[in-house]
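Please read the structure below before turning to the comments.
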Amino acid sequence: MHKSIFYLFLLSLVGFSTSCDNKGKKMDDPKDDRIIIEIPNMVEDSVYSFVEQQVAFGPRVPGSKAHKACAEWLENKFKSYGAKTTMQKFEANFHFGAKAEAINIIASIKPELPKRVLLCAHWDSRYTADEDKQRTDEAIPGADDGGSGVAVLLEMARLIQQYPLEMGVDIILFDAEDQGNNEVTESWCLGSQYWAKNTHVNNYRAKYGILLDMVGSKGARFVKENTSMAFAPSTMNKVWAEAKELGYENYFIDEESEGVVDDHYFINTLLNGSIPTIDIINRPKNSRFGKYWHTHDDNMDIIDKKTLGAVGNVVMSVLYNESVGTF
Ligand SMILES: [Zn+2]
């Protein structure tokens, strides 16, 4: 066993999409007692196509055909990457009176290992374009709001299968996050509320959690959101430091912003902070969540594969560092 001094080298800091030949293995260098870990880079075309494929189903509104078909597709994708999947079904009662069967899609990588990190996103798309000026009663495409976070997590699962990680990871795609009403906090995030009260494993534990929401738009701006800072300040600061290290400080801005109600809010509050969870979410300067937010403009035109790649590379770096104790 070597000394516990670790140095991390992220290969090919330029040209992420040409990095398919990286070896994701840990190597010992006997000369200087260093352990070098190689971290696979996101393949931008792959992660982009995962957004496209979700959008192609149509809006993934609980109870719709598109929702059902997309759930099957997601389950099969995770299975094909060797993860153990759990389809956690529950009845979602929406604030506007409707109810539908909703599904939290859970993919566990190395479920036998006690050391785990939780990664999550919501996979449903909003039933109404209430921030739009037209067709407000129609559902939104949800390319960024829903699609982007899921796509990054799918790509991560794909790469982790190729370059195994000596740590457990649980990927949870929460359902029924985005069907709420601004007046009632509990009308949002029905999937994470359900999961926090009914974790898929008894006494589920993870060291921390990272939620991805709206992580794929051009010029996205991720700031240190206050709910995350209240519950998970050290994880937040370390993730932002990692992003800076990788040269992504143009996306990950060292600045705090007001707290938002998102799935991490319920994971943190309902589990009494036992899985400190942060939210990586786009907070543009001059609008709440981007001009396209909850409108029909949340489509492929606003998606930038560079943003998807940046977020994925930061979270991959966190995981591979965590696995060898250097995060
Ligand atoms: Zn939304």
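Identifiers for the structure tokens are assigned positionally: chains receive A, B, ... in sequence, residues are indexed from 1 per chain, and ligands are indexed from 1 in the order shown.
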Query raised in the report: Contacts of stretch 309-317 of chain A at 9 Å or less, counting only C-alpha atoms, minus same-chain residues fewer than 4 places along, as a ChimeraX atom specification?
Result: /A:10,16-17,39-44,47-48,152-153,155-156,160,210,212,215-216,239-240,242-243,246,248,251-252,280,304-305,321-322,327
Taking C-alpha atoms for each residue, export the selection above as an mmCIF file, in the first residue's frame.
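Output saved as again27.cif:
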```cif
data_model
loop_
_atom_site.group_PDB
_atom_site.id
_atom_site.type_symbol
_atom_site.label_atom_id
_atom_site.label_comp_id
_atom_site.auth_asym_id
_atom_site.auth_seq_id
_atom_site.Cartn_x
_atom_site.Cartn_y
_atom_site.Cartn_z
ATOM 1 C CA LEU A 10 -7.651 14.670 -15.633
ATOM 2 C CA PHE A 16 -13.292 16.476 -24.366
ATOM 3 C CA SER A 17 -15.166 14.820 -27.160
ATOM 4 C CA ILE A 39 -11.329 10.103 -15.297
ATOM 5 C CA PRO A 40 -13.355 9.476 -18.430
ATOM 6 C CA ASN A 41 -14.624 12.621 -20.073
ATOM 7 C CA MET A 42 -18.202 13.172 -21.132
ATOM 8 C CA VAL A 43 -18.746 12.495 -24.813
ATOM 9 C CA GLU A 44 -20.655 15.629 -25.726
ATOM 10 C CA VAL A 47 -25.024 13.392 -23.777
ATOM 11 C CA TYR A 48 -26.649 15.762 -26.276
ATOM 12 C CA VAL A 152 -25.884 13.945 -17.970
ATOM 13 C CA LEU A 153 -26.681 11.136 -15.516
ATOM 14 C CA GLU A 155 -23.903 9.516 -19.863
ATOM 15 C CA MET A 156 -22.234 9.141 -16.488
ATOM 16 C CA ILE A 160 -18.878 4.346 -15.257
ATOM 17 C CA ILE A 210 -25.875 16.169 -6.045
ATOM 18 C CA LEU A 212 -28.804 18.434 -11.521
ATOM 19 C CA VAL A 215 -27.792 22.037 -16.659
ATOM 20 C CA GLY A 216 -27.742 22.194 -20.447
ATOM 21 C CA VAL A 239 -17.723 21.036 -6.110
ATOM 22 C CA TRP A 240 -17.195 24.660 -7.105
ATOM 23 C CA GLU A 242 -13.326 21.235 -8.499
ATOM 24 C CA ALA A 243 -15.028 23.136 -11.318
ATOM 25 C CA LEU A 246 -11.009 22.046 -14.343
ATOM 26 C CA TYR A 248 -15.076 25.817 -15.678
ATOM 27 C CA TYR A 251 -20.136 28.225 -15.610
ATOM 28 C CA PHE A 252 -19.640 27.715 -11.867
ATOM 29 C CA ILE A 280 -26.590 22.575 -9.564
ATOM 30 C CA ASP A 304 -25.500 23.504 -25.671
ATOM 31 C CA LYS A 305 -23.464 20.319 -25.539
ATOM 32 C CA ASN A 321 -11.833 11.677 -6.537
ATOM 33 C CA GLU A 322 -14.304 10.617 -3.875
ATOM 34 C CA PHE A 327 -12.472 14.865 -2.812
#
```
Requested in this report: Report as a ChimeraX atom specification: the residues of stretch 10-169 of chain A with a DSSP assignment of strand (DSSP E), based on the backbone of this structure.
Outcome: /A:26-29,34-37,84-93,99-109,116-122,168-169
Query raised in the report: Counting only C-alpha atoms and all ligand atoms, which protein, DNA or RNA residues come within 10 Å of ligand 1, given as a PyMOL selection string?
Result: chain A and resi 122+124-127+129+140+142+144-146+177-180+188-189+213-214+262+289+293-295+298
Writing out the chosen residues with C-alpha atoms as a PDB file, in the first residue's frame:
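Just written: again.pdb:
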```
ATOM      1  CA  HIS A 122     -36.184  15.084 -12.268  1.00  0.00           C
ATOM      2  CA  ASP A 124     -40.954  14.722 -15.804  1.00  0.00           C
ATOM      3  CA  SER A 125     -41.816  17.753 -17.880  1.00  0.00           C
ATOM      4  CA  ARG A 126     -44.226  20.511 -16.884  1.00  0.00           C
ATOM      5  CA  TYR A 127     -47.882  20.095 -17.891  1.00  0.00           C
ATOM      6  CA  ALA A 129     -46.389  26.546 -20.348  1.00  0.00           C
ATOM      7  CA  ILE A 140     -43.489  22.149 -22.471  1.00  0.00           C
ATOM      8  CA  GLY A 142     -38.590  20.203 -21.174  1.00  0.00           C
ATOM      9  CA  ASP A 144     -33.375  21.730 -20.257  1.00  0.00           C
ATOM     10  CA  ASP A 145     -35.944  21.521 -17.459  1.00  0.00           C
ATOM     11  CA  GLY A 146     -35.852  17.771 -16.922  1.00  0.00           C
ATOM     12  CA  GLU A 177     -41.153  17.445  -9.658  1.00  0.00           C
ATOM     13  CA  ASP A 178     -42.418  20.061 -12.034  1.00  0.00           C
ATOM     14  CA  GLN A 179     -46.226  20.049 -11.803  1.00  0.00           C
ATOM     15  CA  GLY A 180     -46.538  22.446  -8.857  1.00  0.00           C
ATOM     16  CA  TRP A 188     -43.660  20.576  -6.204  1.00  0.00           C
ATOM     17  CA  CYS A 189     -41.225  17.668  -6.041  1.00  0.00           C
ATOM     18  CA  ASP A 213     -31.613  20.650 -12.821  1.00  0.00           C
ATOM     19  CA  MET A 214     -31.421  22.819 -15.934  1.00  0.00           C
ATOM     20  CA  ASP A 262     -36.239  21.741  -5.804  1.00  0.00           C
ATOM     21  CA  PHE A 289     -34.241  30.500 -14.366  1.00  0.00           C
ATOM     22  CA  TRP A 293     -38.128  28.495 -18.376  1.00  0.00           C
ATOM     23  CA  HIS A 294     -41.634  26.969 -18.346  1.00  0.00           C
ATOM     24  CA  THR A 295     -42.228  28.090 -21.949  1.00  0.00           C
ATOM     25  CA  ASP A 298     -37.378  25.040 -23.589  1.00  0.00           C
TER      26      ASP A 298
END
```
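With only C-alpha atoms as the basis for measurement, A:Val260 is the residue among A:Ile267, A:Val201, A:Ile37, A:Val260 that approaches A:Lys224 most closely.
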Query raised in the report: Skipping near chain neighbours, those fewer than 2 positions away, what residues fall within 8 Å of A:Ala143 using only C-alpha atoms, listed as JSON, numbers by chain?
Result: {"A": [51, 52, 54, 55, 141, 145, 146, 147, 148, 298, 299, 300, 303]}
Query raised in the report: Residues at most 9 Å from A:Glu258, counting only C-alpha atoms, excluding those fewer than 4 positions away in the same chain, as a ChimeraX atom specification?
Result: /A:224-227
Query - All helix (DSSP H, G or I) positions in stretch 65-160 of chain A, as a PyMOL selection string - result: chain A and resi 65-80+143-160
Query raised in the report: Smallest atom-to-atom distance to A:Val223: which of A:Asn182, A:Ser192, A:Asn237, A:Asn282, using only C-alpha atoms?
Result: A:Asn282
**Report entry** Best match for closeness to A:Ala241 among A:Val318, A:Thr269, A:Gly168, A:His264, counting only C-alpha atoms
**Finding:** A:Val318
Query raised in the report: What gap, in Å, lies between atom CA of A:Lys238 and atom CA of A:Ala121?
Result: 20.0 Å
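Of the residues listed (A:Ala157, A:Arg60, A:Asp132, A:Glu91), A:Ala157 shows the shortest atom-to-atom separation from A:Ser108; distances use only C-alpha atoms.
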